[in-house]
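Containing mmCIF, C-alpha atoms and all ligand atoms: data_37.cif.
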data_final
#
loop_
_atom_site.group_PDB
_atom_site.id
_atom_site.type_symbol
_atom_site.label_atom_id
_atom_site.label_comp_id
_atom_site.auth_asym_id
_atom_site.auth_seq_id
_atom_site.Cartn_x
_atom_site.Cartn_y
_atom_site.Cartn_z
ATOM 1 C CA MET A 1499 3.446 18.518 72.733
ATOM 2 C CA SER A 1500 5.659 15.993 70.991
ATOM 3 C CA TYR A 1501 4.337 14.231 67.932
ATOM 4 C CA PRO A 1502 3.224 10.626 68.620
ATOM 5 C CA ALA A 1503 5.016 7.691 66.962
ATOM 6 C CA LEU A 1504 2.975 6.523 63.971
ATOM 7 C CA THR A 1505 2.540 3.321 62.003
ATOM 8 C CA ILE A 1506 1.230 3.779 58.477
ATOM 9 C CA THR A 1507 -0.269 0.821 56.606
ATOM 10 C CA PHE A 1508 -1.154 1.038 52.924
ATOM 11 C CA LEU A 1509 -4.609 -0.530 52.668
ATOM 12 C CA GLY A 1510 -4.828 0.010 48.923
ATOM 13 C CA THR A 1511 -2.548 1.489 46.258
ATOM 14 C CA GLY A 1512 -4.621 1.147 43.085
ATOM 15 C CA THR A 1513 -6.356 3.661 40.877
ATOM 16 C CA SER A 1514 -10.166 3.884 40.641
ATOM 17 C CA GLY A 1515 -10.637 0.533 38.868
ATOM 18 C CA GLY A 1516 -8.100 -1.328 41.005
ATOM 19 C CA VAL A 1517 -5.441 -3.732 39.712
ATOM 20 C CA PRO A 1518 -6.207 -6.182 38.172
ATOM 21 C CA MET A 1519 -8.904 -4.353 36.259
ATOM 22 C CA ILE A 1520 -12.131 -6.274 35.555
ATOM 23 C CA GLY A 1521 -11.915 -8.077 32.221
ATOM 24 C CA CYS A 1522 -8.283 -7.175 31.514
ATOM 25 C CA SER A 1523 -5.716 -9.785 30.520
ATOM 26 C CA CYS A 1524 -2.630 -7.540 30.189
ATOM 27 C CA HIS A 1525 0.689 -8.684 31.686
ATOM 28 C CA VAL A 1526 0.103 -6.564 34.810
ATOM 29 C CA CYS A 1527 -3.459 -7.721 35.440
ATOM 30 C CA THR A 1528 -2.392 -11.371 35.017
ATOM 31 C CA SER A 1529 0.794 -11.019 37.112
ATOM 32 C CA THR A 1530 1.153 -13.520 39.960
ATOM 33 C CA ASP A 1531 3.195 -11.029 42.039
ATOM 34 C CA LYS A 1532 1.146 -10.039 45.108
ATOM 35 C CA LYS A 1533 2.438 -6.491 44.721
ATOM 36 C CA ASP A 1534 0.523 -6.242 41.450
ATOM 37 C CA LYS A 1535 -2.775 -6.705 43.320
ATOM 38 C CA ARG A 1536 -3.912 -3.219 44.230
ATOM 39 C CA LEU A 1537 -7.153 -2.352 46.010
ATOM 40 C CA ARG A 1538 -8.417 1.218 45.828
ATOM 41 C CA SER A 1539 -6.146 3.776 47.540
ATOM 42 C CA SER A 1540 -6.357 4.274 51.292
ATOM 43 C CA ILE A 1541 -4.034 4.279 54.304
ATOM 44 C CA LEU A 1542 -4.416 3.379 57.963
ATOM 45 C CA VAL A 1543 -2.691 5.763 60.392
ATOM 46 C CA ARG A 1544 -2.060 4.510 63.907
ATOM 47 C CA SER A 1545 -0.572 5.951 67.086
ATOM 48 C CA ALA A 1546 -0.557 4.072 70.393
ATOM 49 C CA LYS A 1547 -3.911 5.702 71.196
ATOM 50 C CA THR A 1548 -5.624 6.561 67.924
ATOM 51 C CA THR A 1549 -6.475 4.763 64.667
ATOM 52 C CA LEU A 1550 -7.787 6.554 61.613
ATOM 53 C CA VAL A 1551 -8.216 5.801 57.962
ATOM 54 C CA VAL A 1552 -7.711 8.188 55.049
ATOM 55 C CA ASP A 1553 -10.598 7.536 52.616
ATOM 56 C CA THR A 1554 -13.070 4.663 52.513
ATOM 57 C CA GLY A 1555 -13.089 3.408 48.933
ATOM 58 C CA PRO A 1556 -15.162 0.519 47.562
ATOM 59 C CA ASP A 1557 -12.711 -1.978 49.127
ATOM 60 C CA PHE A 1558 -12.975 -0.549 52.663
ATOM 61 C CA ARG A 1559 -14.721 -3.573 54.188
ATOM 62 C CA TYR A 1560 -12.212 -6.048 52.806
ATOM 63 C CA GLN A 1561 -9.303 -3.778 53.771
ATOM 64 C CA MET A 1562 -10.505 -3.704 57.405
ATOM 65 C CA LEU A 1563 -10.843 -7.506 57.408
ATOM 66 C CA ARG A 1564 -7.515 -8.100 55.643
ATOM 67 C CA GLN A 1565 -5.613 -5.941 58.156
ATOM 68 C CA ASN A 1566 -7.701 -7.228 61.058
ATOM 69 C CA VAL A 1567 -8.627 -3.699 62.177
ATOM 70 C CA LYS A 1568 -10.704 -4.041 65.332
ATOM 71 C CA HIS A 1569 -10.939 -0.415 66.261
ATOM 72 C CA LEU A 1570 -11.298 2.770 64.229
ATOM 73 C CA ASP A 1571 -11.610 6.259 65.684
ATOM 74 C CA ALA A 1572 -12.089 8.348 62.559
ATOM 75 C CA VAL A 1573 -12.278 8.637 58.792
ATOM 76 C CA VAL A 1574 -10.503 11.537 57.074
ATOM 77 C CA PHE A 1575 -11.419 12.255 53.450
ATOM 78 C CA THR A 1576 -9.263 13.629 50.638
ATOM 79 C CA HIS A 1577 -11.975 14.382 48.044
ATOM 80 C CA PRO A 1578 -15.431 13.271 46.896
ATOM 81 C CA HIS A 1579 -14.609 10.840 44.077
ATOM 82 C CA LYS A 1580 -16.357 7.492 44.378
ATOM 83 C CA ASP A 1581 -13.160 5.445 44.584
ATOM 84 C CA HIS A 1582 -12.423 7.304 47.849
ATOM 85 C CA LEU A 1583 -15.924 7.368 49.422
ATOM 86 C CA ALA A 1584 -17.910 4.363 48.279
ATOM 87 C CA GLY A 1585 -17.182 2.081 51.253
ATOM 88 C CA LEU A 1586 -18.276 4.452 54.019
ATOM 89 C CA ASP A 1587 -21.490 2.518 54.709
ATOM 90 C CA ASP A 1588 -19.414 -0.295 56.240
ATOM 91 C CA ILE A 1589 -18.354 1.805 59.244
ATOM 92 C CA ARG A 1590 -21.643 0.393 60.628
ATOM 93 C CA ALA A 1591 -19.645 -2.476 62.106
ATOM 94 C CA PHE A 1592 -17.627 -0.030 64.213
ATOM 95 C CA ASN A 1593 -20.846 1.771 65.240
ATOM 96 C CA PHE A 1594 -22.226 -1.582 66.356
ATOM 97 C CA PHE A 1595 -19.296 -2.405 68.632
ATOM 98 C CA THR A 1596 -18.629 1.078 70.048
ATOM 99 C CA LYS A 1597 -22.285 2.251 70.191
ATOM 100 C CA ARG A 1598 -20.957 5.619 69.002
ATOM 101 C CA PRO A 1599 -21.119 7.561 65.738
ATOM 102 C CA MET A 1600 -17.949 7.438 63.619
ATOM 103 C CA LYS A 1601 -16.018 10.688 63.515
ATOM 104 C CA VAL A 1602 -15.700 11.845 59.916
ATOM 105 C CA TYR A 1603 -13.519 14.740 58.726
ATOM 106 C CA ALA A 1604 -14.237 16.188 55.285
ATOM 107 C CA ASP A 1605 -14.051 19.524 53.504
ATOM 108 C CA SER A 1606 -17.286 21.188 52.358
ATOM 109 C CA LEU A 1607 -17.073 19.780 48.817
ATOM 110 C CA THR A 1608 -16.722 16.219 50.130
ATOM 111 C CA GLU A 1609 -19.401 16.847 52.759
ATOM 112 C CA GLU A 1610 -21.850 17.738 49.987
ATOM 113 C CA ALA A 1611 -21.147 14.424 48.260
ATOM 114 C CA LEU A 1612 -21.474 12.467 51.527
ATOM 115 C CA ARG A 1613 -24.860 14.060 52.220
ATOM 116 C CA ARG A 1614 -26.001 13.156 48.708
ATOM 117 C CA ASP A 1615 -24.531 9.643 48.371
ATOM 118 C CA PHE A 1616 -25.352 8.555 51.925
ATOM 119 C CA TYR A 1617 -28.580 10.620 52.307
ATOM 120 C CA TYR A 1618 -30.161 7.923 54.494
ATOM 121 C CA ALA A 1619 -27.491 8.468 57.162
ATOM 122 C CA PHE A 1620 -28.496 12.124 57.423
ATOM 123 C CA SER A 1621 -32.311 11.775 57.441
ATOM 124 C CA ASP A 1622 -34.318 12.926 60.458
ATOM 125 C CA THR A 1623 -36.043 9.601 60.933
ATOM 126 C CA LYS A 1624 -33.274 7.050 61.102
ATOM 127 C CA TYR A 1625 -33.843 3.455 60.156
ATOM 128 C CA PRO A 1626 -32.050 1.223 62.696
ATOM 129 C CA GLY A 1627 -28.722 -0.147 61.491
ATOM 130 C CA ILE A 1628 -27.786 2.701 59.171
ATOM 131 C CA PRO A 1629 -24.301 4.233 59.484
ATOM 132 C CA GLU A 1630 -23.959 6.794 62.254
ATOM 133 C CA LEU A 1631 -21.661 9.644 61.426
ATOM 134 C CA ASP A 1632 -20.310 12.550 63.420
ATOM 135 C CA LEU A 1633 -19.422 14.864 60.566
ATOM 136 C CA ASN A 1634 -16.719 17.490 61.128
ATOM 137 C CA THR A 1635 -16.110 20.033 58.385
ATOM 138 C CA ILE A 1636 -12.447 20.835 57.828
ATOM 139 C CA ASP A 1637 -10.651 23.410 55.708
ATOM 140 C CA LEU A 1638 -6.935 24.172 55.549
ATOM 141 C CA GLU A 1639 -6.617 24.720 59.315
ATOM 142 C CA PRO A 1640 -4.651 22.037 61.177
ATOM 143 C CA PHE A 1641 -6.841 19.740 63.289
ATOM 144 C CA VAL A 1642 -6.313 16.925 65.759
ATOM 145 C CA VAL A 1643 -7.825 13.424 65.779
ATOM 146 C CA GLY A 1644 -7.287 11.777 69.183
ATOM 147 C CA ASP A 1645 -3.587 12.416 69.777
ATOM 148 C CA ILE A 1646 -2.681 12.812 66.072
ATOM 149 C CA PRO A 1647 -2.203 16.407 64.825
ATOM 150 C CA ILE A 1648 -2.930 16.727 61.087
ATOM 151 C CA THR A 1649 -2.111 19.541 58.658
ATOM 152 C CA PRO A 1650 -4.246 19.648 55.491
ATOM 153 C CA ILE A 1651 -2.464 20.497 52.242
ATOM 154 C CA LEU A 1652 -4.427 21.803 49.262
ATOM 155 C CA VAL A 1653 -3.575 20.094 45.970
ATOM 156 C CA TRP A 1654 -5.291 20.161 42.577
ATOM 157 C CA HIS A 1655 -6.919 17.220 40.762
ATOM 158 C CA MET A 1656 -7.401 19.012 37.464
ATOM 159 C CA LYS A 1657 -9.946 21.617 38.692
ATOM 160 C CA MET A 1658 -10.989 19.854 41.868
ATOM 161 C CA PRO A 1659 -9.442 20.888 45.189
ATOM 162 C CA VAL A 1660 -8.195 17.790 47.056
ATOM 163 C CA LEU A 1661 -6.755 17.571 50.564
ATOM 164 C CA GLY A 1662 -3.389 15.972 51.206
ATOM 165 C CA PHE A 1663 -2.410 15.468 54.843
ATOM 166 C CA ARG A 1664 0.802 15.907 56.775
ATOM 167 C CA PHE A 1665 1.177 13.682 59.827
ATOM 168 C CA GLY A 1666 4.400 14.899 61.456
ATOM 169 C CA LYS A 1667 7.262 13.431 59.383
ATOM 170 C CA PHE A 1668 4.922 11.765 56.902
ATOM 171 C CA THR A 1669 2.868 13.411 54.142
ATOM 172 C CA TYR A 1670 0.156 11.629 52.143
ATOM 173 C CA ILE A 1671 -1.096 13.078 48.879
ATOM 174 C CA THR A 1672 -3.278 11.271 46.384
ATOM 175 C CA ASP A 1673 -5.256 12.380 43.333
ATOM 176 C CA ALA A 1674 -3.233 15.455 42.384
ATOM 177 C CA ASN A 1675 -1.603 16.781 39.265
ATOM 178 C CA ARG A 1676 -0.588 20.198 40.601
ATOM 179 C CA ILE A 1677 0.549 21.735 43.907
ATOM 180 C CA ASP A 1678 0.749 25.491 44.480
ATOM 181 C CA ASP A 1679 4.022 26.903 45.822
ATOM 182 C CA ALA A 1680 2.577 27.997 49.177
ATOM 183 C CA GLU A 1681 1.284 24.478 49.823
ATOM 184 C CA LYS A 1682 4.643 22.949 48.842
ATOM 185 C CA GLU A 1683 6.108 24.765 51.848
ATOM 186 C CA LYS A 1684 3.903 22.672 54.143
ATOM 187 C CA ILE A 1685 5.358 19.454 52.708
ATOM 188 C CA LYS A 1686 9.022 20.437 52.976
ATOM 189 C CA GLY A 1687 10.875 18.816 55.862
ATOM 190 C CA SER A 1688 8.791 15.622 55.714
ATOM 191 C CA GLU A 1689 10.882 12.429 55.923
ATOM 192 C CA ALA A 1690 8.595 10.602 53.541
ATOM 193 C CA LEU A 1691 6.148 11.797 50.923
ATOM 194 C CA VAL A 1692 3.465 9.719 49.243
ATOM 195 C CA LEU A 1693 2.240 10.947 45.870
ATOM 196 C CA ASN A 1694 -0.120 9.511 43.309
ATOM 197 C CA ALA A 1695 1.641 8.225 40.173
ATOM 198 C CA LEU A 1696 -0.965 6.827 37.820
ATOM 199 C CA ARG A 1697 1.132 5.743 34.855
ATOM 200 C CA LYS A 1698 3.939 6.941 32.574
ATOM 201 C CA GLN A 1699 1.794 8.696 29.964
ATOM 202 C CA LYS A 1700 0.458 12.179 30.655
ATOM 203 C CA HIS A 1701 -2.967 12.379 32.351
ATOM 204 C CA ILE A 1702 -5.325 15.332 32.889
ATOM 205 C CA SER A 1703 -5.795 14.910 36.636
ATOM 206 C CA HIS A 1704 -2.997 12.683 37.973
ATOM 207 C CA PHE A 1705 0.772 12.975 38.246
ATOM 208 C CA THR A 1706 2.720 10.646 35.986
ATOM 209 C CA LEU A 1707 5.525 8.595 37.554
ATOM 210 C CA GLU A 1708 8.087 11.059 36.218
ATOM 211 C CA GLU A 1709 6.162 14.069 37.571
ATOM 212 C CA ALA A 1710 5.841 12.415 40.982
ATOM 213 C CA VAL A 1711 9.569 11.576 41.085
ATOM 214 C CA SER A 1712 10.534 15.153 40.212
ATOM 215 C CA MET A 1713 8.178 16.553 42.857
ATOM 216 C CA VAL A 1714 9.887 14.431 45.544
ATOM 217 C CA GLN A 1715 13.264 15.691 44.281
ATOM 218 C CA GLU A 1716 12.139 19.319 44.059
ATOM 219 C CA LEU A 1717 10.895 19.257 47.652
ATOM 220 C CA LYS A 1718 14.096 17.469 48.775
ATOM 221 C CA ILE A 1719 12.241 14.669 50.567
ATOM 222 C CA ASN A 1720 14.360 11.642 51.570
ATOM 223 C CA LYS A 1721 11.851 8.965 50.676
ATOM 224 C CA GLY A 1722 9.196 9.017 47.961
ATOM 225 C CA TYR A 1723 6.407 6.416 47.760
ATOM 226 C CA PHE A 1724 3.941 6.239 44.902
ATOM 227 C CA THR A 1725 0.320 5.153 45.028
ATOM 228 C CA HIS A 1726 -3.012 5.280 43.094
ATOM 229 C CA ILE A 1727 -1.345 3.133 40.447
ATOM 230 C CA SER A 1728 -2.952 1.979 37.196
ATOM 231 C CA HIS A 1729 -2.247 -1.314 35.437
ATOM 232 C CA GLN A 1730 -0.882 0.933 32.669
ATOM 233 C CA LEU A 1731 2.150 1.791 34.829
ATOM 234 C CA GLY A 1732 3.577 -1.708 34.442
ATOM 235 C CA ARG A 1733 4.492 -4.537 36.780
ATOM 236 C CA HIS A 1734 5.650 -3.543 40.254
ATOM 237 C CA GLU A 1735 9.045 -5.209 40.017
ATOM 238 C CA GLU A 1736 9.870 -3.885 36.532
ATOM 239 C CA VAL A 1737 8.844 -0.307 37.311
ATOM 240 C CA GLU A 1738 10.680 -0.248 40.622
ATOM 241 C CA SER A 1739 13.917 -1.530 39.101
ATOM 242 C CA ASP A 1740 14.107 1.700 37.061
ATOM 243 C CA LEU A 1741 13.743 3.896 40.154
ATOM 244 C CA SER A 1742 16.464 5.061 42.514
ATOM 245 C CA GLU A 1743 16.639 3.396 45.942
ATOM 246 C CA ASN A 1744 14.850 6.279 47.728
ATOM 247 C CA MET A 1745 11.834 6.164 45.366
ATOM 248 C CA ARG A 1746 9.547 3.177 45.799
ATOM 249 C CA LEU A 1747 6.177 2.067 44.549
ATOM 250 C CA ALA A 1748 3.881 1.553 47.500
ATOM 251 C CA TYR A 1749 2.028 -1.777 47.590
ATOM 252 C CA ASP A 1750 -0.934 -3.115 49.520
ATOM 253 C CA GLY A 1751 0.221 -4.075 53.016
ATOM 254 C CA LEU A 1752 3.348 -1.888 53.036
ATOM 255 C CA VAL A 1753 4.005 -0.597 56.564
ATOM 256 C CA LEU A 1754 6.027 2.525 57.427
ATOM 257 C CA GLU A 1755 7.046 3.525 60.943
ATOM 258 C CA PHE A 1756 7.745 7.038 62.185
ATOM 259 C CA SER A 1757 9.059 7.546 65.697
HETATM 260 ZN ZN ZN C 1 -8.872 8.363 43.067
HETATM 261 ZN ZN ZN C 2 -10.044 11.388 42.312
#
Rewritten as structure tokens:
Amino acid sequence: MSYPALTITFLGTGTSGGVPMIGCSCHVCTSTDKKDKRLRSSILVRSAKTTLVVDTGPDFRYQMLRQNVKHLDAVVFTHPHKDHLAGLDDIRAFNFFTKRPMKVYADSLTEEALRRDFYYAFSDTKYPGIPELDLNTIDLEPFVVGDIPITPILVWHMKMPVLGFRFGKFTYITDANRIDDAEKEKIKGSEALVLNALRKQKHISHFTLEEAVSMVQELKINKGYFTHISHQLGRHEEVESDLSENMRLAYDGLVLEFS
């Protein structure tokens, strides 16, 4: 089976508080450059037949409206932090139009959080209008959503295991500060790699920009894109001007095509 052509859209590229951050008047938060407006991190992955989203953060509803997404087949989760889960309730709109539960793929740690945070969606007596979920537990085994084969990659977010995902030539990793050697092998050969790059200063659970750049180099990936960006990183244009041509900051609305 050949891998389907994919279109990737960055729905959000910001860290947990988004950019601008509430109440902040720094030169990044007050920038008028659209690329300095970052919703919480998520991507839309589309083949001709299948549309899925990686994570449903607090901005999920607005991200679906902004990109005019009319159809969604599945949600795939990286890890249980609130900035990656909080918007799940809004899949109700898709339930309403399709009259079907939304397929959700999550590892057991994330599943636990979903059952706790969205307890009402899992109760025996269901109130009409609540989100309907078809929960599929994943581990490190490859799985397929519609016609899109996906390989999970285990990465570490301080002590929390997080799933990155390889979609053919494209690999998406967010919320990591460490990758074991065996998992690095799964990334090698990708044409493009997305990594989280929070800021320039060291952080306990996120790669810095420098760490993300050297990971792309170490794995010999042609194109590196950085996401989950904090206002502390600096303005998009300034930061990017210091990077080599094959390393780019992702921004909300960026589209990548893989044939
Ligand atoms: Zn996060
Ligand atoms: Zn996180």
Quiz item: Applied to this file, what does the PyMOL selection byres (((chain A and resi 1607-1613) around 10) and not hetatm) return in terms of residues, put as a ChimeraX atom specification?
Solution: /A:1575-1580,1583-1584,1586,1602-1606,1614-1621,1633-1636,1658-1660
Dump C-alpha atoms for the selected residues as a JSON list (two decimals), keeping the file's coordinate frame?
[["chain", "number", "residue", "atom", "x", "y", "z"],
["A", 1575, "PHE", "CA", -11.42, 12.26, 53.45],
["A", 1576, "THR", "CA", -9.26, 13.63, 50.64],
["A", 1577, "HIS", "CA", -11.98, 14.38, 48.04],
["A", 1578, "PRO", "CA", -15.43, 13.27, 46.90],
["A", 1579, "HIS", "CA", -14.61, 10.84, 44.08],
["A", 1580, "LYS", "CA", -16.36, 7.49, 44.38],
["A", 1583, "LEU", "CA", -15.92, 7.37, 49.42],
["A", 1584, "ALA", "CA", -17.91, 4.36, 48.28],
["A", 1586, "LEU", "CA", -18.28, 4.45, 54.02],
["A", 1602, "VAL", "CA", -15.70, 11.84, 59.92],
["A", 1603, "TYR", "CA", -13.52, 14.74, 58.73],
["A", 1604, "ALA", "CA", -14.24, 16.19, 55.28],
["A", 1605, "ASP", "CA", -14.05, 19.52, 53.50],
["A", 1606, "SER", "CA", -17.29, 21.19, 52.36],
["A", 1614, "ARG", "CA", -26.00, 13.16, 48.71],
["A", 1615, "ASP", "CA", -24.53, 9.64, 48.37],
["A", 1616, "PHE", "CA", -25.35, 8.56, 51.92],
["A", 1617, "TYR", "CA", -28.58, 10.62, 52.31],
["A", 1618, "TYR", "CA", -30.16, 7.92, 54.49],
["A", 1619, "ALA", "CA", -27.49, 8.47, 57.16],
["A", 1620, "PHE", "CA", -28.50, 12.12, 57.42],
["A", 1621, "SER", "CA", -32.31, 11.78, 57.44],
["A", 1633, "LEU", "CA", -19.42, 14.86, 60.57],
["A", 1634, "ASN", "CA", -16.72, 17.49, 61.13],
["A", 1635, "THR", "CA", -16.11, 20.03, 58.38],
["A", 1636, "ILE", "CA", -12.45, 20.84, 57.83],
["A", 1658, "MET", "CA", -10.99, 19.85, 41.87],
["A", 1659, "PRO", "CA", -9.44, 20.89, 45.19],
["A", 1660, "VAL", "CA", -8.20, 17.79, 47.06]]
Practice problem: Please write the residues picked by the PyMOL selection byres (((chain A and resi 1557) around 9) and not hetatm) on this file as a PyMOL selection string. | Solution: chain A and resi 1509-1510+1537-1539+1554-1556+1558-1562+1581+1584-1585
Exercise. Might you spell out which residues the PyMOL selection byres (((chain A and resi 1662-1679) around 6) and not hetatm) would select in the displayed file, as JSON, numbers by chain?
Key: {"A": [1648, 1649, 1650, 1651, 1653, 1654, 1655, 1661, 1680, 1681, 1682, 1688, 1689, 1690, 1691, 1692, 1693, 1694, 1703, 1704, 1705]}
Quiz prompt | Option closest in space to Phe1508 in chain A, from A:Arg1564, A:Arg1697, A:Lys1597, A:His1734 [counting all atoms listed in the file] | solution = A:Arg1564
Quiz prompt | Nearest to Ile1685 in chain A, chosen from A:Lys1568, A:Lys1601, A:Lys1718, A:His1726, with all atoms listed in the file counted in the distances | solution =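 Between A:Lys1568, A:Lys1601, A:Lys1718, A:His1726, the residue approaching Ile1685 in chain A most closely is A:Lys1718.
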Quiz item: So what do you get for CA of Thr1623 in chain A versus CA of Val1551 in chain A, distance-wise?
Solution: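 These two atoms are separated by 28.2 Å.
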Kindly list the centre and edge lengths in Å, rounded to one decimal, for the axis-aligned box that covers all listed atoms of range 1746-1751 of chain A plus 6 Å on each of its six sides, as lines of an AutoDock Vina configuration file.
center_x = 4.3
center_y = -0.4
center_z = 48.8
size_x = 22.5
size_y = 19.3
size_z = 20.5
Quiz item: Suppose you want the space between CA of Lys1698 in chain A and CA of Lys1657 in chain A; what is it in Å?
Solution: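 We find that CA of Lys1698 in chain A and CA of Lys1657 in chain A lie 21.1 Å from each other.
Note that the spacing between CA of Leu1731 in chain A and CA of Asp1531 in chain A amounts to 14.7 Å.
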Exercise. For each of A:Asn1566, A:Met1600, A:Ile1646, A:His1582, take the minimum atom-to-atom distance to Leu1631 in chain A, counting only C-alpha atoms, then give the residue where this is smallest.
Key: A:Met1600
Self-check item: Selection: 8 Å around Tyr1749 in chain A, all atoms listed in the file, excl. self and same-chain fewer than 5 positions, as JSON, numbers by chain
Solution: {"A": [1508, 1510, 1511, 1533, 1534, 1536, 1725]}
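Here the question is which of A:Lys1535, A:Ser1514, A:Leu1563, A:His1729 gets nearest to ligand ZN 1 (chain C) using all atoms listed in the file, and that residue is A:Ser1514.
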Practice problem: Around the point (-2.4, 3.0, 58.0) in the file's coordinates, collect all residues with an atom within 6 Å, using only C-alpha atoms, and return them as a PyMOL selection string. | Solution: chain A and resi 1506-1508+1541-1543
Quiz item: So, counting only C-alpha atoms and all ligand atoms, which residue among A:Val1526, A:Asp1553, A:Asn1720, A:Thr1596 is closest to ligand ZN 1 (chain C)?
Solution: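 With only C-alpha atoms and all ligand atoms as the atom set, the closest residue is A:Asp1553.
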Exercise. Find the residues around Gly1627 in chain A up to 10 Å (all atoms listed in the file counted), leave out those fewer than 5 positions away in its own chain, and share them as a VMD selection string.
Key: chain A and resid 1590 to 1591 1593 to 1594 1619
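Among the candidates A:Cys1522, A:Leu1652, A:Ala1695, A:Ala1546, the residue lying nearest to ligand ZN 1 (chain C) is A:Ala1695 (atoms considered: all atoms listed in the file).
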